[in-house]
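Participant: Contents of coords-v7.pdb (PDB, C-alpha atoms) are given next:
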```pdb
MODEL        1
ATOM      1  CA  ASN A   1      53.083  18.870 131.492  1.00  0.00           C
ATOM      2  CA  GLU A   2      56.506  20.080 130.395  1.00  0.00           C
ATOM      3  CA  ALA A   3      58.255  19.190 133.647  1.00  0.00           C
ATOM      4  CA  PHE A   4      56.408  16.000 134.598  1.00  0.00           C
ATOM      5  CA  GLY A   5      54.804  14.730 131.385  1.00  0.00           C
ATOM      6  CA  LEU A   6      51.324  14.548 129.913  1.00  0.00           C
ATOM      7  CA  GLU A   7      50.305  11.476 131.894  1.00  0.00           C
ATOM      8  CA  THR A   8      50.974  13.239 135.206  1.00  0.00           C
ATOM      9  CA  GLY A   9      49.210  16.355 133.927  1.00  0.00           C
ATOM     10  CA  ASN A  10      46.177  14.303 132.965  1.00  0.00           C
ATOM     11  CA  ARG A  11      46.033  12.638 136.412  1.00  0.00           C
ATOM     12  CA  ILE A  12      46.073  16.116 138.007  1.00  0.00           C
ATOM     13  CA  ILE A  13      43.251  17.251 135.718  1.00  0.00           C
ATOM     14  CA  VAL A  14      41.172  14.183 136.602  1.00  0.00           C
ATOM     15  CA  GLU A  15      41.725  14.812 140.327  1.00  0.00           C
ATOM     16  CA  ILE A  16      40.784  18.483 139.949  1.00  0.00           C
ATOM     17  CA  ALA A  17      37.621  17.483 138.061  1.00  0.00           C
ATOM     18  CA  GLY A  18      36.666  15.373 141.091  1.00  0.00           C
ATOM     19  CA  ILE A  19      37.311  18.306 143.425  1.00  0.00           C
ATOM     20  CA  ILE A  20      35.153  20.580 141.281  1.00  0.00           C
ATOM     21  CA  LYS A  21      32.342  18.036 141.131  1.00  0.00           C
ATOM     22  CA  ASN A  22      32.385  17.594 144.920  1.00  0.00           C
ATOM     23  CA  CYS A  23      32.127  21.357 145.479  1.00  0.00           C
ATOM     24  CA  PHE A  24      28.758  21.702 143.781  1.00  0.00           C
ATOM     25  CA  SER A  25      27.548  18.098 143.871  1.00  0.00           C
ATOM     26  CA  ASP A  26      23.983  17.791 142.604  1.00  0.00           C
ATOM     27  CA  TYR A  27      23.236  21.234 141.261  1.00  0.00           C
ATOM     28  CA  GLY A  28      25.665  21.681 138.367  1.00  0.00           C
ATOM     29  CA  ILE A  29      27.223  20.258 135.234  1.00  0.00           C
ATOM     30  CA  ILE A  30      30.974  20.050 134.636  1.00  0.00           C
ATOM     31  CA  ALA A  31      32.665  19.598 131.258  1.00  0.00           C
ATOM     32  CA  ARG A  32      36.297  19.682 130.209  1.00  0.00           C
ATOM     33  CA  TYR A  33      36.367  22.607 127.791  1.00  0.00           C
ATOM     34  CA  GLY A  34      39.993  22.494 126.705  1.00  0.00           C
ATOM     35  CA  GLY A  35      43.328  21.062 127.758  1.00  0.00           C
ATOM     36  CA  ASP A  36      43.215  22.372 131.309  1.00  0.00           C
ATOM     37  CA  GLU A  37      39.977  24.349 131.177  1.00  0.00           C
ATOM     38  CA  PHE A  38      36.594  23.359 132.525  1.00  0.00           C
ATOM     39  CA  SER A  39      33.138  24.811 132.059  1.00  0.00           C
ATOM     40  CA  ILE A  40      30.807  24.552 135.001  1.00  0.00           C
ATOM     41  CA  LEU A  41      27.137  25.300 134.526  1.00  0.00           C
ATOM     42  CA  LEU A  42      25.193  26.056 137.685  1.00  0.00           C
ATOM     43  CA  PRO A  43      21.526  26.452 136.674  1.00  0.00           C
ATOM     44  CA  GLU A  44      20.417  27.274 140.221  1.00  0.00           C
ATOM     45  CA  ALA A  45      23.237  29.734 141.053  1.00  0.00           C
ATOM     46  CA  ASP A  46      22.999  33.416 140.255  1.00  0.00           C
ATOM     47  CA  VAL A  47      25.848  35.928 140.110  1.00  0.00           C
ATOM     48  CA  ALA A  48      25.635  36.352 143.905  1.00  0.00           C
ATOM     49  CA  LYS A  49      25.902  32.616 144.727  1.00  0.00           C
ATOM     50  CA  ALA A  50      28.455  31.499 142.104  1.00  0.00           C
ATOM     51  CA  PRO A  51      31.498  33.291 143.611  1.00  0.00           C
ATOM     52  CA  GLY A  52      31.075  31.357 146.863  1.00  0.00           C
ATOM     53  CA  ILE A  53      31.008  28.063 145.008  1.00  0.00           C
ATOM     54  CA  ALA A  54      34.020  29.104 142.922  1.00  0.00           C
ATOM     55  CA  SER A  55      35.921  30.161 146.053  1.00  0.00           C
ATOM     56  CA  SER A  56      35.258  26.774 147.642  1.00  0.00           C
ATOM     57  CA  ILE A  57      36.772  25.129 144.555  1.00  0.00           C
ATOM     58  CA  LEU A  58      39.903  27.284 144.927  1.00  0.00           C
ATOM     59  CA  GLN A  59      40.163  26.422 148.626  1.00  0.00           C
ATOM     60  CA  GLU A  60      39.809  22.696 147.967  1.00  0.00           C
ATOM     61  CA  ILE A  61      42.450  22.752 145.234  1.00  0.00           C
ATOM     62  CA  GLY A  62      44.761  24.869 147.385  1.00  0.00           C
ATOM     63  CA  GLY A  63      44.355  22.545 150.350  1.00  0.00           C
ATOM     64  CA  ARG A  64      44.946  19.322 148.402  1.00  0.00           C
ATOM     65  CA  ASP A  65      48.262  17.515 148.596  1.00  0.00           C
ATOM     66  CA  PHE A  66      49.217  16.603 145.038  1.00  0.00           C
ATOM     67  CA  SER A  67      52.704  15.358 145.962  1.00  0.00           C
ATOM     68  CA  HIS A  68      51.753  11.731 145.264  1.00  0.00           C
ATOM     69  CA  HIS A  69      51.705  12.676 141.566  1.00  0.00           C
ATOM     70  CA  PHE A  70      55.217  14.119 141.801  1.00  0.00           C
ATOM     71  CA  HIS A  71      57.170  11.367 143.589  1.00  0.00           C
ATOM     72  CA  GLY A  72      56.640  13.098 146.941  1.00  0.00           C
ATOM     73  CA  GLN A  73      57.805  16.502 145.721  1.00  0.00           C
ATOM     74  CA  SER A  74      55.627  19.336 147.031  1.00  0.00           C
ATOM     75  CA  ILE A  75      53.959  21.146 144.115  1.00  0.00           C
ATOM     76  CA  THR A  76      51.471  23.997 144.349  1.00  0.00           C
ATOM     77  CA  ILE A  77      48.478  23.682 142.041  1.00  0.00           C
ATOM     78  CA  THR A  78      46.274  26.744 141.574  1.00  0.00           C
ATOM     79  CA  ALA A  79      43.222  27.644 139.517  1.00  0.00           C
ATOM     80  CA  SER A  80      41.823  30.810 138.012  1.00  0.00           C
ATOM     81  CA  ILE A  81      38.053  31.051 137.623  1.00  0.00           C
ATOM     82  CA  GLY A  82      36.042  33.384 135.409  1.00  0.00           C
ATOM     83  CA  LEU A  83      32.309  33.790 135.976  1.00  0.00           C
ATOM     84  CA  SER A  84      29.432  34.754 133.735  1.00  0.00           C
ATOM     85  CA  SER A  85      25.744  34.692 134.586  1.00  0.00           C
ATOM     86  CA  PHE A  86      22.503  34.783 132.645  1.00  0.00           C
ATOM     87  CA  PRO A  87      20.823  37.279 132.660  1.00  0.00           C
ATOM     88  CA  GLU A  88      22.951  39.330 135.089  1.00  0.00           C
ATOM     89  CA  THR A  89      26.089  39.556 132.912  1.00  0.00           C
ATOM     90  CA  ALA A  90      24.923  38.176 129.545  1.00  0.00           C
ATOM     91  CA  MET A  91      21.727  38.062 127.535  1.00  0.00           C
ATOM     92  CA  ASP A  92      22.617  35.289 125.075  1.00  0.00           C
ATOM     93  CA  LEU A  93      24.958  32.300 124.775  1.00  0.00           C
ATOM     94  CA  ALA A  94      27.639  34.091 122.748  1.00  0.00           C
ATOM     95  CA  GLU A  95      27.840  36.936 125.281  1.00  0.00           C
ATOM     96  CA  PHE A  96      27.766  34.414 128.149  1.00  0.00           C
ATOM     97  CA  LYS A  97      30.818  32.560 126.770  1.00  0.00           C
ATOM     98  CA  LYS A  98      32.605  35.815 125.873  1.00  0.00           C
ATOM     99  CA  ASN A  99      32.146  37.192 129.395  1.00  0.00           C
ATOM    100  CA  ALA A 100      33.262  33.927 131.015  1.00  0.00           C
ATOM    101  CA  ASP A 101      36.447  33.971 128.901  1.00  0.00           C
ATOM    102  CA  ALA A 102      37.092  37.656 129.618  1.00  0.00           C
ATOM    103  CA  SER A 103      36.586  37.019 133.350  1.00  0.00           C
ATOM    104  CA  LEU A 104      38.976  34.061 133.245  1.00  0.00           C
ATOM    105  CA  TYR A 105      41.708  36.058 131.506  1.00  0.00           C
ATOM    106  CA  HIS A 106      41.174  38.916 133.947  1.00  0.00           C
ATOM    107  CA  ALA A 107      41.670  36.453 136.824  1.00  0.00           C
ATOM    108  CA  LYS A 108      44.892  35.199 135.233  1.00  0.00           C
ATOM    109  CA  LYS A 109      46.223  38.713 134.582  1.00  0.00           C
ATOM    110  CA  SER A 110      45.299  39.822 138.115  1.00  0.00           C
ATOM    111  CA  GLY A 111      47.584  37.318 139.795  1.00  0.00           C
ATOM    112  CA  ARG A 112      45.955  33.913 139.236  1.00  0.00           C
ATOM    113  CA  ASN A 113      44.361  31.660 141.842  1.00  0.00           C
ATOM    114  CA  ARG A 114      41.310  33.881 142.061  1.00  0.00           C
ATOM    115  CA  VAL A 115      37.694  34.288 140.997  1.00  0.00           C
ATOM    116  CA  GLU A 116      36.685  37.178 138.732  1.00  0.00           C
ATOM    117  CA  CYS A 117      33.423  38.277 137.141  1.00  0.00           C
ATOM    118  CA  ILE A 118      33.423  41.025 134.529  1.00  0.00           C
ATOM    119  CA  ARG A 119      30.054  42.725 134.247  1.00  0.00           C
TER
ENDMDL
END
```
In structure tokens, write the structure found in this file.

Facilitator:
Amino acid sequence: NEAFGLETGNRIIVEIAGIIKNCFSDYGIIARYGGDEFSILLPEADVAKAPGIASSILQEIGGRDFSHHFHGQSITITASIGLSSFPETAMDLAEFKKNADASLYHAKKSGRNRVECIR
């Protein structure tokens, strides 16, 4: 947003939302949780299945050419994903959200562009 403006940043976020939605199609719910954060609820995915879905999201984002948003300039867009699962990693909603946040920050601190799940 700082280098290219909020409008460009928003177009990137909208495109990434489409990528995320395509990666899990009919069996999940996506919501924009903050400026550049999304929450994805996968009712049918347990802690064993979710990392595969999350990895496919990272691959799709990593393989996408976003240069059309940057006047042809090649820009790398990455994502960090934190997982939480009921009941495997959390027993209530507060713990579920806390673990998802902790997993996300662990992914960011561990080098970004990765999937992490703190148990």

Participant: Tell me, in Å to one decimal, how far atom CA of His71 of chain A is from atom CA of Ser56 of chain A.

Facilitator: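 So the two atoms, atom CA of His71 of chain A and atom CA of Ser56 of chain A, lie 27.1 Å apart.
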
Participant: Starting from the PyMOL selection byres ((chain A and resi 96) around 12), expand the selection into actual residues of this file and give them as a PyMOL selection string.

Facilitator: chain A and resi 39+41+82-95+97-103+117-119

Participant: Give me the result of the PyMOL selection byres ((chain A and resi 18) around 12) on this file, residue by residue, as a list in words.

Facilitator: Arg11, Ile12, Ile13, Val14, Glu15, Ile16, Ala17, Ile19, Ile20, Lys21, Asn22, Cys23, Phe24, Ser25, Ile30, Ala31, Arg32, Phe38, Ile57, Glu60, Ile61 and Arg64 of chain A

Participant: Pick out the closest residue to Gly5 of chain A from this set: A:Lys108, A:His69, A:Ser74, A:Glu116. Count only C-alpha atoms.

Facilitator: A:His69

Participant: Go through A:Leu58, A:Ala107, A:Ala79, A:Ile29 one by one, measure the shortest atom-to-atom distance of each to Ala45 of chain A using all atoms listed in the file, and give the residue with the smallest value.

Facilitator: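 Distance minimum relative to Ala45 of chain A lands on A:Ile29.
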
Participant: May I ask which of the residues A:Ala50, A:Ala3, A:Val115, A:Ile40 is the closest one to Thr78 of chain A, counting only C-alpha atoms?

Facilitator: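 Between A:Ala50, A:Ala3, A:Val115, A:Ile40, the residue approaching Thr78 of chain A most closely is A:Val115.
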
Participant: Translate the PyMOL selection byres ((chain A and resi 44) around 8), as applied to the file shown, into an explicit residue set as a list in words.

Facilitator: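 The output of the PyMOL selection byres ((chain A and resi 44) around 8) on this file is Tyr27, Gly28, Leu42, Pro43, Ala45 and Asp46 of chain A.
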
Participant: Would you please work out which residue, of A:Gln73, A:Ser67, A:Ser80, A:Gln59, is nearest to Asp36 of chain A when using all atoms listed in the file?

Facilitator: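 Smallest separation from Asp36 of chain A among the options: A:Ser80.
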
Participant: For segment 22-40 of chain A, I'd like the enclosing box, axis-aligned and padded by 3 Å on every side, reported as JSON with centre and edge lengths in Å to one decimal.

Facilitator:
```
{"center_x": 33.3, "center_y": 21.2, "center_z": 136.1, "size_x": 26.1, "size_y": 13.2, "size_z": 24.8}
```

Participant: Distance atom CA of Gly52 of chain A-atom CA of Ser110 of chain A, one decimal place?

Facilitator: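 Distance reported for this atom pair: 18.7 Å.
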
Participant: Please measure the separation of atom CA of Gly72 of chain A and atom CA of Thr8 of chain A, giving the value in Å to one decimal.

Facilitator: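 Going from atom CA of Gly72 of chain A over to atom CA of Thr8 of chain A, I get 13.0 Å.
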
Participant: Using all atoms listed in the file, which residue out of A:Ile81, A:Asp26, A:Glu7, A:Tyr33 lies closest to Arg112 of chain A?

Facilitator: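 Smallest separation from Arg112 of chain A among the options: A:Ile81.
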